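Trainee: Next comes the structure file entry-v1.txt, holding compact mmCIF, C-alpha atoms and all ligand atoms.
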# COMPACT_ATOMS: atom_id res chain seq x y z
CA MET A 178 -3.23 -25.16 -14.30
CA ALA A 179 -2.72 -21.96 -12.26
CA LEU A 180 -3.43 -22.23 -8.54
CA SER A 181 -6.43 -20.25 -7.29
CA PHE A 182 -5.79 -17.28 -4.99
CA GLU A 183 -7.60 -19.25 -2.29
CA ALA A 184 -5.18 -22.17 -2.64
CA ILE A 185 -2.16 -19.82 -2.60
CA ASN A 186 -3.54 -18.02 0.47
CA SER A 187 -3.73 -21.31 2.34
CA SER A 188 0.08 -21.44 2.14
CA LYS A 189 0.45 -17.85 3.33
CA ALA A 190 0.54 -16.88 7.01
CA ASN A 191 -2.85 -15.72 8.33
CA PHE A 192 -2.90 -12.30 9.98
CA ASN A 193 -6.65 -11.77 10.22
CA ASP A 194 -6.54 -11.09 13.98
CA ILE A 195 -4.27 -8.07 13.71
CA TYR A 196 -6.28 -6.60 10.83
CA SER A 197 -9.40 -6.19 12.95
CA MET A 198 -8.20 -4.75 16.25
CA GLU A 199 -9.38 -1.42 17.65
CA ASP A 200 -6.07 0.26 16.88
CA PRO A 201 -2.91 -0.45 14.87
CA ARG A 202 -0.58 -1.58 17.67
CA GLY A 203 -0.99 -5.29 16.95
CA TYR A 204 -0.56 -4.64 13.23
CA PHE A 205 2.74 -2.79 13.66
CA SER A 206 4.00 -5.17 16.29
CA VAL A 207 3.40 -8.40 14.35
CA LEU A 208 4.11 -7.21 10.81
CA GLY A 209 6.92 -5.00 12.05
CA ALA A 210 8.59 -8.04 13.60
CA LEU A 211 8.48 -9.65 10.15
CA ASP A 212 10.17 -6.58 8.67
CA TYR A 213 7.04 -5.75 6.69
CA MET A 214 8.26 -2.92 4.52
CA ILE A 215 6.29 -2.73 1.30
CA PRO A 216 4.54 0.61 2.08
CA ASP A 217 7.99 2.21 2.52
CA ILE A 218 9.62 0.40 -0.40
CA ALA A 219 6.68 1.29 -2.65
CA ALA A 220 6.42 4.92 -1.52
CA PRO A 221 8.97 6.54 -3.87
CA ILE A 222 7.47 4.63 -6.81
CA ILE A 223 3.89 5.56 -5.92
CA ARG A 224 4.94 9.19 -5.62
CA GLN A 225 6.38 9.09 -9.14
CA VAL A 226 3.20 7.49 -10.49
CA LEU A 227 0.95 10.07 -8.80
CA ALA A 228 3.14 12.89 -10.08
CA ALA A 229 3.07 11.42 -13.61
CA ARG A 230 -0.71 11.27 -13.52
CA THR A 231 -0.98 14.84 -12.32
CA ARG A 232 1.36 15.91 -15.17
CA GLN A 233 -0.47 13.91 -17.78
CA TYR A 234 -3.87 15.29 -16.85
CA ASP A 235 -2.48 18.77 -16.33
CA SER A 236 -4.39 18.73 -13.10
CA ASP A 237 -4.22 21.46 -10.49
CA ARG A 238 -5.65 19.27 -7.75
CA ALA A 239 -4.24 16.29 -5.89
CA PRO A 240 -5.58 12.96 -7.22
CA LEU A 241 -8.24 11.08 -5.28
CA VAL A 242 -6.64 7.76 -4.36
CA LEU A 243 -8.63 4.68 -3.40
CA ASP A 244 -6.39 2.51 -1.21
CA VAL A 245 -7.61 -1.08 -1.56
CA GLY A 246 -6.93 -3.06 1.64
CA CYS A 247 -5.96 0.20 3.36
CA SER A 248 -5.98 -1.29 6.86
CA TYR A 249 -5.35 1.49 9.42
CA GLY A 250 -4.60 4.02 6.67
CA ILE A 251 -0.92 3.12 6.34
CA ASN A 252 -0.42 4.31 2.75
CA ALA A 253 -2.32 7.52 3.44
CA ALA A 254 -0.01 8.18 6.40
CA VAL A 255 3.14 7.47 4.40
CA HIS A 256 2.05 9.61 1.45
CA ARG A 257 0.36 12.51 3.16
CA PHE A 258 2.83 13.06 5.97
CA PRO A 259 6.59 12.82 6.46
CA VAL A 260 6.34 9.46 8.26
CA THR A 261 7.26 5.92 7.24
CA PHE A 262 6.08 2.46 8.24
CA ALA A 263 9.36 2.13 10.17
CA VAL A 264 8.77 5.40 12.06
CA LEU A 265 5.18 4.42 12.90
CA ARG A 266 6.30 1.00 14.02
CA ARG A 267 8.65 2.60 16.54
CA ARG A 268 5.81 4.79 17.79
CA TYR A 269 3.36 1.93 18.27
CA THR A 270 5.80 -0.43 19.92
CA ARG A 271 6.93 2.11 22.55
CA ARG A 272 6.41 1.00 26.13
CA GLU A 273 4.55 4.23 26.91
CA VAL A 274 2.19 3.69 24.00
CA ALA A 275 1.59 0.03 24.87
CA ARG A 276 -0.01 1.14 28.16
CA LEU A 277 -2.67 3.33 26.56
CA SER A 278 -6.27 2.36 26.01
CA SER A 279 -7.42 2.38 22.37
CA ALA A 280 -9.46 5.54 23.05
CA GLU A 281 -6.40 7.31 24.50
CA LEU A 282 -4.22 6.23 21.59
CA LEU A 283 -6.78 7.46 19.11
CA ARG A 284 -6.80 10.86 20.78
CA PHE A 285 -2.99 11.08 20.66
CA ASP A 286 -2.89 9.87 17.06
CA ARG A 287 -5.41 12.43 15.90
CA SER A 288 -3.13 15.14 17.31
CA TYR A 289 -0.02 13.39 15.96
CA TYR A 290 -1.21 13.43 12.36
CA ALA A 291 -2.74 16.89 12.69
CA SER A 292 0.68 18.15 13.80
CA TRP A 293 2.36 17.25 10.48
CA PRO A 294 2.09 19.34 7.34
CA ASP A 295 0.10 17.44 4.69
CA VAL A 296 2.47 16.88 1.77
CA GLY A 297 -0.63 17.05 -0.40
CA ILE A 298 0.29 14.31 -2.87
CA GLY A 299 -3.20 12.88 -2.82
CA LYS A 300 -6.50 12.63 -1.01
CA PHE A 301 -7.24 9.16 0.24
CA ILE A 302 -10.29 7.01 0.62
CA GLY A 303 -9.94 3.48 1.96
CA LEU A 304 -11.49 0.10 1.23
CA ASP A 305 -11.14 -2.62 3.84
CA PRO A 306 -13.68 -5.04 5.33
CA SER A 307 -12.14 -4.40 8.75
CA ALA A 308 -14.61 -1.94 10.30
CA PRO A 309 -12.29 -1.12 13.26
CA ALA A 310 -9.35 -0.37 10.94
CA ILE A 311 -11.44 1.91 8.72
CA ALA A 312 -12.98 3.63 11.74
CA TYR A 313 -9.50 4.29 13.18
CA ALA A 314 -8.10 5.58 9.87
CA LYS A 315 -11.03 7.96 9.54
CA LYS A 316 -11.08 9.16 13.13
CA VAL A 317 -7.37 10.02 13.20
CA GLY A 318 -7.77 11.94 9.94
CA LEU A 319 -5.82 9.72 7.54
CA ILE A 320 -8.60 8.91 5.10
CA GLU A 321 -11.47 11.14 4.04
CA ALA A 322 -13.92 8.25 3.92
CA GLY A 323 -13.92 4.49 4.08
CA ILE A 324 -15.78 1.53 2.63
CA THR A 325 -16.14 -1.64 4.68
CA THR A 326 -18.23 -3.62 2.20
CA ASN A 327 -16.36 -6.79 1.28
CA LEU A 328 -16.40 -6.50 -2.49
CA GLU A 329 -15.30 -10.11 -2.85
CA GLU A 330 -18.71 -11.07 -1.52
CA SER A 331 -21.16 -8.20 -2.02
CA ASP A 332 -22.02 -5.36 -4.34
CA LEU A 333 -21.24 -1.77 -3.46
CA THR A 334 -23.99 0.04 -1.62
CA PRO A 335 -25.30 3.22 -3.30
CA ALA A 336 -23.33 5.25 -0.72
CA ASP A 337 -20.12 3.31 -1.54
CA SER A 338 -20.65 3.92 -5.25
CA ARG A 339 -20.99 7.65 -4.71
CA LEU A 340 -17.73 7.68 -2.78
CA LEU A 341 -15.89 5.92 -5.61
CA GLU A 342 -17.29 8.04 -8.45
CA HIS A 343 -14.40 10.48 -8.61
CA THR A 344 -11.53 8.07 -7.95
CA ASP A 345 -8.44 8.95 -9.98
CA VAL A 346 -6.02 6.24 -8.83
CA VAL A 347 -6.59 2.80 -7.32
CA LEU A 348 -3.65 1.77 -5.17
CA SER A 349 -2.80 -1.42 -3.31
CA THR A 350 0.11 -2.76 -1.31
CA GLY A 351 -0.10 -6.16 0.35
CA ALA A 352 -3.75 -6.61 -0.66
CA VAL A 353 -3.91 -8.56 -3.95
CA GLY A 354 -4.53 -12.13 -2.91
CA TYR A 355 -7.10 -11.02 -0.36
CA VAL A 356 -8.74 -9.15 -3.19
CA THR A 357 -9.30 -10.56 -6.65
CA ASP A 358 -10.82 -9.45 -9.93
CA LYS A 359 -14.24 -9.49 -8.20
CA THR A 360 -13.37 -6.43 -6.11
CA TYR A 361 -11.81 -4.56 -9.02
CA ARG A 362 -14.74 -5.31 -11.33
CA ARG A 363 -17.04 -3.62 -8.82
CA ILE A 364 -14.71 -0.64 -8.36
CA LEU A 365 -14.37 -0.12 -12.11
CA GLY A 366 -18.14 -0.29 -12.48
CA ALA A 367 -18.52 2.63 -10.06
CA VAL A 368 -15.89 5.13 -11.22
CA ARG A 369 -16.83 7.84 -13.73
CA ARG A 370 -13.46 8.22 -15.42
CA THR A 371 -11.17 5.23 -15.99
CA PRO A 372 -8.60 5.40 -13.17
CA TRP A 373 -4.95 4.46 -13.07
CA ILE A 374 -4.39 1.27 -11.07
CA VAL A 375 -1.09 0.78 -9.31
CA SER A 376 -0.55 -2.51 -7.50
CA PHE A 377 2.34 -4.14 -5.68
CA VAL A 378 1.66 -7.86 -6.00
CA LEU A 379 3.43 -10.79 -4.37
CA ARG A 380 4.95 -12.93 -7.09
CA MET A 381 2.86 -16.00 -6.24
CA PHE A 382 -0.40 -14.26 -7.15
CA PRO A 383 -0.94 -14.39 -10.93
CA TYR A 384 -2.12 -10.88 -11.75
CA ASN A 385 -3.46 -11.74 -15.22
CA SER A 386 -6.87 -12.66 -13.79
CA LEU A 387 -7.14 -8.99 -12.79
CA THR A 388 -5.55 -7.43 -15.86
CA SER A 389 -8.04 -9.17 -18.15
CA VAL A 390 -10.85 -7.41 -16.23
CA PHE A 391 -8.95 -4.12 -16.51
CA ALA A 392 -8.63 -4.67 -20.29
CA GLU A 393 -12.43 -4.92 -20.56
CA HIS A 394 -12.47 -1.34 -19.24
CA GLY A 395 -9.85 -0.15 -21.75
CA LEU A 396 -6.88 -0.33 -19.41
CA VAL A 397 -3.45 -1.38 -20.60
CA THR A 398 -1.26 -3.03 -17.94
CA GLU A 399 2.50 -2.77 -17.74
CA ARG A 400 4.79 -4.56 -15.30
CA LEU A 401 8.01 -2.91 -14.25
CA ALA A 402 10.33 -5.67 -15.47
CA SER A 403 13.51 -4.15 -14.11
CA ALA A 404 12.78 -4.35 -10.37
CA VAL A 405 11.23 -6.43 -7.61
CA PHE A 406 10.26 -5.12 -4.20
CA VAL A 407 10.76 -6.82 -0.84
CA GLN A 408 7.52 -7.13 1.13
CA ARG A 409 8.48 -8.94 4.34
CA ARG A 410 10.15 -11.99 5.86
CA PHE A 411 8.47 -15.36 5.92
CA ARG A 412 6.74 -16.08 9.20
CA ASP A 413 7.99 -19.63 9.55
CA ILE A 414 9.45 -22.55 7.70
CA ALA A 415 5.99 -23.81 6.71
CA GLU A 416 5.16 -20.53 4.95
CA PHE A 417 8.63 -20.48 3.37
CA ASP A 418 8.32 -24.04 2.00
CA SER A 419 4.78 -23.73 0.72
CA THR A 420 5.42 -20.35 -0.93
CA LEU A 421 8.50 -21.64 -2.72
CA GLN A 422 6.46 -24.61 -3.88
CA ALA A 423 3.66 -22.34 -5.16
CA LEU A 424 6.20 -20.16 -7.01
CA LYS A 425 7.86 -23.25 -8.50
CA GLU A 426 4.49 -24.45 -9.82
CA LEU A 427 4.08 -21.06 -11.50
CA GLY A 428 7.52 -21.39 -13.06
CA VAL A 429 8.88 -18.40 -11.09
CA GLN A 430 12.63 -18.52 -10.46
CA THR A 431 13.22 -18.06 -6.72
CA ASP A 432 17.00 -18.54 -6.47
CA GLY A 433 18.57 -15.41 -5.03
CA ALA A 434 15.08 -14.10 -4.34
CA GLU A 435 12.37 -15.68 -2.13
CA SER A 436 14.75 -18.57 -1.39
CA ASP A 437 16.82 -16.03 0.60
CA GLY A 438 13.91 -15.57 2.99
CA LEU A 439 12.14 -12.43 1.82
CA LEU A 440 8.82 -12.32 -0.01
CA ARG A 441 8.98 -10.26 -3.22
CA ALA A 442 6.34 -8.16 -4.93
CA GLU A 443 6.18 -6.75 -8.43
CA LEU A 444 4.83 -3.42 -9.64
CA TYR A 445 1.95 -3.31 -12.12
CA LEU A 446 0.55 -0.12 -13.57
CA SER A 447 -2.72 -0.12 -15.53
CA ARG A 448 -3.84 2.96 -17.47
CA PRO A 449 -6.06 4.00 -20.34
CA ALA A 450 -4.18 3.03 -23.53
CA THR A 451 -3.52 6.62 -24.62
CA ASP A 452 -1.89 7.40 -21.25
CA ALA A 453 0.30 4.28 -21.43
CA TRP A 454 1.43 5.10 -24.99
CA ALA A 455 2.14 8.72 -24.08
CA ALA A 456 4.50 7.77 -21.24
CA PRO A 457 5.51 4.10 -20.82
CA ILE A 458 6.16 2.85 -17.30
CA ASP A 459 9.95 2.95 -17.79
CA ASP A 460 9.72 6.66 -18.57
CA ILE A 461 7.85 7.57 -15.41
CA VAL A 462 9.29 5.19 -12.81
CA THR A 463 12.92 5.16 -11.77
CA VAL A 464 14.01 2.83 -8.99
CA CYS A 465 16.72 4.39 -6.89
CA SER A 466 18.26 1.53 -4.97
CA GLY A 467 19.23 2.41 -1.41
CA LEU A 468 16.66 5.19 -1.05
CA ASN A 469 14.92 3.39 1.77
CA ARG A 470 17.97 2.43 3.76
CA PRO A 471 18.12 4.12 7.13
CA VAL A 472 20.92 6.57 6.48
CA GLY A 473 20.37 8.51 9.69
CA THR A 474 20.78 12.22 9.83
CA ARG A 475 21.77 14.33 6.87
CA TYR A 476 23.75 17.46 7.71
CA VAL A 477 23.53 20.61 5.71
CA ARG A 478 25.83 23.52 6.43
CA VAL A 479 24.04 26.82 6.21
CA ALA A 480 26.59 29.39 5.06
CA GLU A 481 25.07 32.64 6.34
CA ASP A 482 25.52 32.17 10.05
CA GLU A 483 27.82 29.16 10.00
CA ALA A 484 25.16 27.22 11.88
CA GLU A 485 24.65 23.57 11.16
CA VAL A 486 21.17 22.36 10.47
CA ALA A 487 20.43 18.67 10.76
CA LEU A 488 17.77 17.35 8.43
CA GLU A 489 16.17 14.01 9.21
CA GLN A 490 15.71 11.88 6.13
C1 LIG A 501 -1.12 -7.06 4.64
S1 LIG A 501 -2.45 -5.97 4.97
C2 LIG A 501 -1.94 -4.61 3.96
C3 LIG A 501 -2.35 -3.30 4.54
C4 LIG A 501 -1.73 -2.07 3.90
N1 LIG A 501 -2.14 -1.95 2.52
C5 LIG A 501 -0.24 -2.12 4.02
O1 LIG A 501 0.45 -2.43 3.02
O2 LIG A 501 0.28 -1.86 5.12
C6 LIG A 501 -3.80 -6.63 4.07
C7 LIG A 501 -5.11 -5.86 4.24
O3 LIG A 501 -6.07 -6.38 3.31
C8 LIG A 501 -7.32 -6.34 3.95
N2 LIG A 501 -8.31 -7.20 3.27
C9 LIG A 501 -8.58 -8.51 3.50
N3 LIG A 501 -9.60 -8.90 2.72
C10 LIG A 501 -9.97 -7.81 1.98
C11 LIG A 501 -10.99 -7.55 1.01
N4 LIG A 501 -11.84 -8.51 0.62
N5 LIG A 501 -11.11 -6.31 0.49
C12 LIG A 501 -10.25 -5.32 0.85
N6 LIG A 501 -9.26 -5.50 1.77
C13 LIG A 501 -9.13 -6.73 2.32
C14 LIG A 501 -7.03 -6.76 5.39
O4 LIG A 501 -8.10 -6.41 6.28
C15 LIG A 501 -5.74 -6.00 5.63
O5 LIG A 501 -6.01 -4.72 6.16
Rewrite the structure from the file as structure tokens, please.
Ligand SMILES: C[S@@+](CC[C@H](N)C(=O)[O-])C[C@H]1O[C@@H](n2cnc3c(N)ncnc32)[C@H](O)[C@@H]1O

Mentor:
Amino acid sequence: MALSFEAINSSKANFNDIYSMEDPRGYFSVLGALDYMIPDIAAPIIRQVLAARTRQYDSDRAPLVLDVGCSYGINAAVHRFPVTFAVLRRRYTRREVARLSSAELLRFDRSYYASWPDVGIGKFIGLDPSAPAIAYAKKVGLIEAGITTNLEESDLTPADSRLLEHTDVVLSTGAVGYVTDKTYRRILGAVRRTPWIVSFVLRMFPYNSLTSVFAEHGLVTERLASAVFVQRRFRDIAEFDSTLQALKELGVQTDGAESDGLLRAELYLSRPATDAWAAPIDDIVTVCSGLNRPVGTRYVRVAEDEAEVALEQ
């Protein structure tokens, strides 16, 4: 019998404290130390999925993305602006930044994000029961609006439902496990047009309990079979041992994967059947290995004046 998400979560490290601080410094410090990287690893894939949706719907506006378990607006930051989780981690673990009060940091961060051009790949709304994280993400301008109702436990409020009405894409990184089919059932009940759902899911969380709910709403789910995505390191030997045990019970082969010390996630994409038939996942997603490696500065010689322009990756 499959383990419940609750049972699997009991083997996973608990980070609840850093999810509900006034600002993201604790989040970046603790998860950064564990080489948490899934927002960066997922970013090129998510970009391809959002672009495919825009093409398929011949849309002239950026999709409205609901980021489930958005925390401090990390995915919105990575997708709207030319920053990465790694870049933000460096910012938040700077000595100078460590000295600031939360109010001061918020003021600087609002200016920081306002100073970048918005790449315009999507508009973001966030769902996270952490009221401080949602408040931060909103105040610094990363998300347009946020929902703090815990949809595992309660129904959407009328105001929440209105916010979700026009959702085009439901995204999650690092959140399935905390959220289950209960949350998605409520989201799908509130949206007007069936959205695309793109999820990066740790391999110990059986996703079929969610995909069967999606199917009730006419969504077909595909898994990208050709790639897995590193999420982070294990926190300690206890988490390592219990995760490997949970994966073994699910019949998941961990040799050369989690057994090397890095948690792995898989990509699932759920879409209305006609969209999935028109462009299967393998046609719209290409994994370019090495894209996320820190390659440093890229130099481009500009012929006209013989000047050299350095472009940061
Ligand atoms: C590992 S963090 C991932 C954050 C972000 N998506 C990222 O990848 O950087 C997990 C997030 O899930 C949130 N979470 C926990 N329970 C949740 C629930 N019932 N509904 C939505 N989000 C939840 C936590 O507050 C936390 O912000």

Trainee: List all protein, DNA and RNA residues that have at least one atom no more than 6 Å from any atom of ligand LIG 501 (chain A), counting only C-alpha atoms and all ligand atoms, and write them as a PyMOL selection string.

Mentor: chain A and resi 196+216+245-248+251+304-307+327-329+349-352+355-356

Trainee: What does the distance between CA of Leu396 (chain A) and CA of Thr371 (chain A) come to in Å, to one decimal place?

Mentor: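 Taking CA of Leu396 (chain A) and CA of Thr371 (chain A), their separation equals 7.8 Å.
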
Trainee: Which residues are near region 423-432 of chain A? Cut-off 7 Å, all atoms listed in the file, ignore same chain within fewer than 4 positions. Put them as a PyMOL selection string.

Mentor: chain A and resi 179+185+381+419+436

Trainee: So that I can check the surroundings of Phe411 (chain A), please list as a PyMOL selection string every protein, DNA and RNA residue that reaches within 10 Å of it, counting all atoms listed in the file and ignoring chain neighbours fewer than 5 positions away.

Mentor: chain A and resi 189-190+211-213+416-418+420+435+437-440

Trainee: Please indicate the distance in Å from CA of Ile223 (chain A) to CA of Asp452 (chain A), rounded to one decimal place.

Mentor: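 Computed distance, CA of Ile223 (chain A) to CA of Asp452 (chain A), equals 16.5 Å.
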
Trainee: Could you jot down the CA of Ser181 (chain A) to CA of Ile302 (chain A) separation for me, Å, one decimal place?

Mentor: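 Spanning CA of Ser181 (chain A) to CA of Ile302 (chain A) is a straight-line distance of 28.6 Å.
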
Trainee: The centre and edge lengths of an axis-aligned box containing all atoms of region 273-292 of chain A present in the file, extended by 8 Å on each side, are to be given in Å to one decimal, as JSON.

Mentor:
{"center_x": -2.5, "center_y": 9.1, "center_z": 20.3, "size_x": 30.0, "size_y": 34.1, "size_z": 31.8}

Trainee: Using all atoms listed in the file, can you tell me which of A:Val296, A:Ala453, A:Val378, A:Ala239 comes closest to Phe258 (chain A)?

Mentor: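 When distances to Phe258 (chain A) are compared using all atoms listed in the file, the smallest one comes from A:Val296.
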
Trainee: Find the residues near region 273-276 of chain A: any atom within 12 Å, counting all atoms listed in the file, skip ones fewer than 5 places away on the same chain, and give them as a PyMOL selection string.

Mentor: chain A and resi 200-203+205-206+265-268+281-286

Trainee: At a cut-off of 9 Å, using only C-alpha atoms, what residues contact Ile374 (chain A)? Leave out same-chain residues fewer than 4 positions from it and give the result as a list of chain:residue names.

Mentor: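 The contact residues come out as A:Asp345, A:Val346, A:Val347, A:Leu348, A:Ser349, A:Phe391, A:Leu396, A:Thr398, A:Tyr445, A:Leu446, A:Ser447, A:Arg448.
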
Trainee: From the options A:Ala184, A:Met198, A:Ala367, A:Leu208, which residue's atoms come nearest to Thr270 (chain A), counting all atoms listed in the file?

Mentor: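 The shortest atom-to-atom distance to Thr270 (chain A) comes from A:Leu208.
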
Trainee: Could you check the closest approach to Thr334 (chain A) for each of A:Val317, A:Ile298, A:Gly354, A:Arg363 and tell me which residue wins, using only C-alpha atoms?

Mentor: A:Arg363

Trainee: Place all heavy atoms on region 227-236 of chain A and deliver the coordinates as a compact mmCIF listing (two decimals), in the frame of the given file.

Mentor:
# COMPACT_ATOMS: atom_id res chain seq x y z
N LEU A 227 1.94 9.01 -9.05
CA LEU A 227 0.95 10.07 -8.80
C LEU A 227 1.36 11.37 -9.48
O LEU A 227 0.54 12.07 -10.07
CB LEU A 227 0.75 10.28 -7.29
CG LEU A 227 0.15 9.10 -6.50
CD1 LEU A 227 -0.02 9.46 -5.03
CD2 LEU A 227 -1.19 8.65 -7.08
N ALA A 228 2.66 11.66 -9.43
CA ALA A 228 3.14 12.89 -10.08
C ALA A 228 2.95 12.79 -11.59
O ALA A 228 2.56 13.78 -12.24
CB ALA A 228 4.61 13.12 -9.73
N ALA A 229 3.22 11.61 -12.15
CA ALA A 229 3.07 11.42 -13.61
C ALA A 229 1.61 11.61 -14.01
O ALA A 229 1.31 12.22 -15.04
CB ALA A 229 3.56 10.04 -14.02
N ARG A 230 0.71 11.11 -13.18
CA ARG A 230 -0.71 11.27 -13.52
C ARG A 230 -1.12 12.74 -13.47
O ARG A 230 -1.83 13.24 -14.33
CB ARG A 230 -1.59 10.43 -12.59
CG ARG A 230 -3.01 10.37 -13.14
CD ARG A 230 -4.02 9.84 -12.19
NE ARG A 230 -5.34 9.97 -12.79
CZ ARG A 230 -6.02 11.11 -12.85
NH1 ARG A 230 -5.51 12.23 -12.35
NH2 ARG A 230 -7.22 11.14 -13.42
N THR A 231 -0.66 13.42 -12.45
CA THR A 231 -0.98 14.84 -12.32
C THR A 231 -0.45 15.61 -13.53
O THR A 231 -1.14 16.46 -14.10
CB THR A 231 -0.38 15.40 -11.01
OG1 THR A 231 -0.90 14.62 -9.93
CG2 THR A 231 -0.73 16.86 -10.79
N ARG A 232 0.79 15.26 -13.97
CA ARG A 232 1.36 15.91 -15.17
C ARG A 232 0.53 15.61 -16.40
O ARG A 232 0.17 16.49 -17.16
CB ARG A 232 2.79 15.39 -15.40
CG ARG A 232 3.88 16.12 -14.67
CD ARG A 232 5.25 15.84 -15.28
NE ARG A 232 5.56 14.44 -15.49
CZ ARG A 232 6.04 13.62 -14.56
NH1 ARG A 232 6.27 14.07 -13.34
NH2 ARG A 232 6.31 12.35 -14.82
N GLN A 233 0.21 14.33 -16.55
CA GLN A 233 -0.47 13.91 -17.78
C GLN A 233 -1.86 14.54 -17.92
O GLN A 233 -2.30 14.85 -19.00
CB GLN A 233 -0.59 12.39 -17.80
CG GLN A 233 -0.85 11.86 -19.17
CD GLN A 233 -0.09 10.56 -19.43
OE1 GLN A 233 0.82 10.19 -18.67
NE2 GLN A 233 -0.47 9.86 -20.46
N TYR A 234 -2.52 14.73 -16.79
CA TYR A 234 -3.87 15.29 -16.85
C TYR A 234 -3.86 16.80 -16.62
O TYR A 234 -4.90 17.42 -16.50
CB TYR A 234 -4.79 14.58 -15.84
CG TYR A 234 -5.22 13.21 -16.32
CD1 TYR A 234 -4.31 12.18 -16.46
CD2 TYR A 234 -6.54 12.97 -16.68
CE1 TYR A 234 -4.68 10.94 -16.94
CE2 TYR A 234 -6.93 11.72 -17.16
CZ TYR A 234 -5.99 10.71 -17.28
OH TYR A 234 -6.38 9.48 -17.76
N ASP A 235 -2.65 17.33 -16.52
CA ASP A 235 -2.48 18.77 -16.33
C ASP A 235 -3.41 19.26 -15.22
O ASP A 235 -4.12 20.26 -15.38
CB ASP A 235 -2.80 19.48 -17.66
CG ASP A 235 -2.12 20.84 -17.71
OD1 ASP A 235 -1.25 21.08 -16.85
OD2 ASP A 235 -2.49 21.66 -18.57
N SER A 236 -3.42 18.49 -14.16
CA SER A 236 -4.39 18.73 -13.10
C SER A 236 -3.82 19.70 -12.06
O SER A 236 -2.64 19.66 -11.75
CB SER A 236 -4.74 17.39 -12.44
OG SER A 236 -5.66 17.59 -11.43
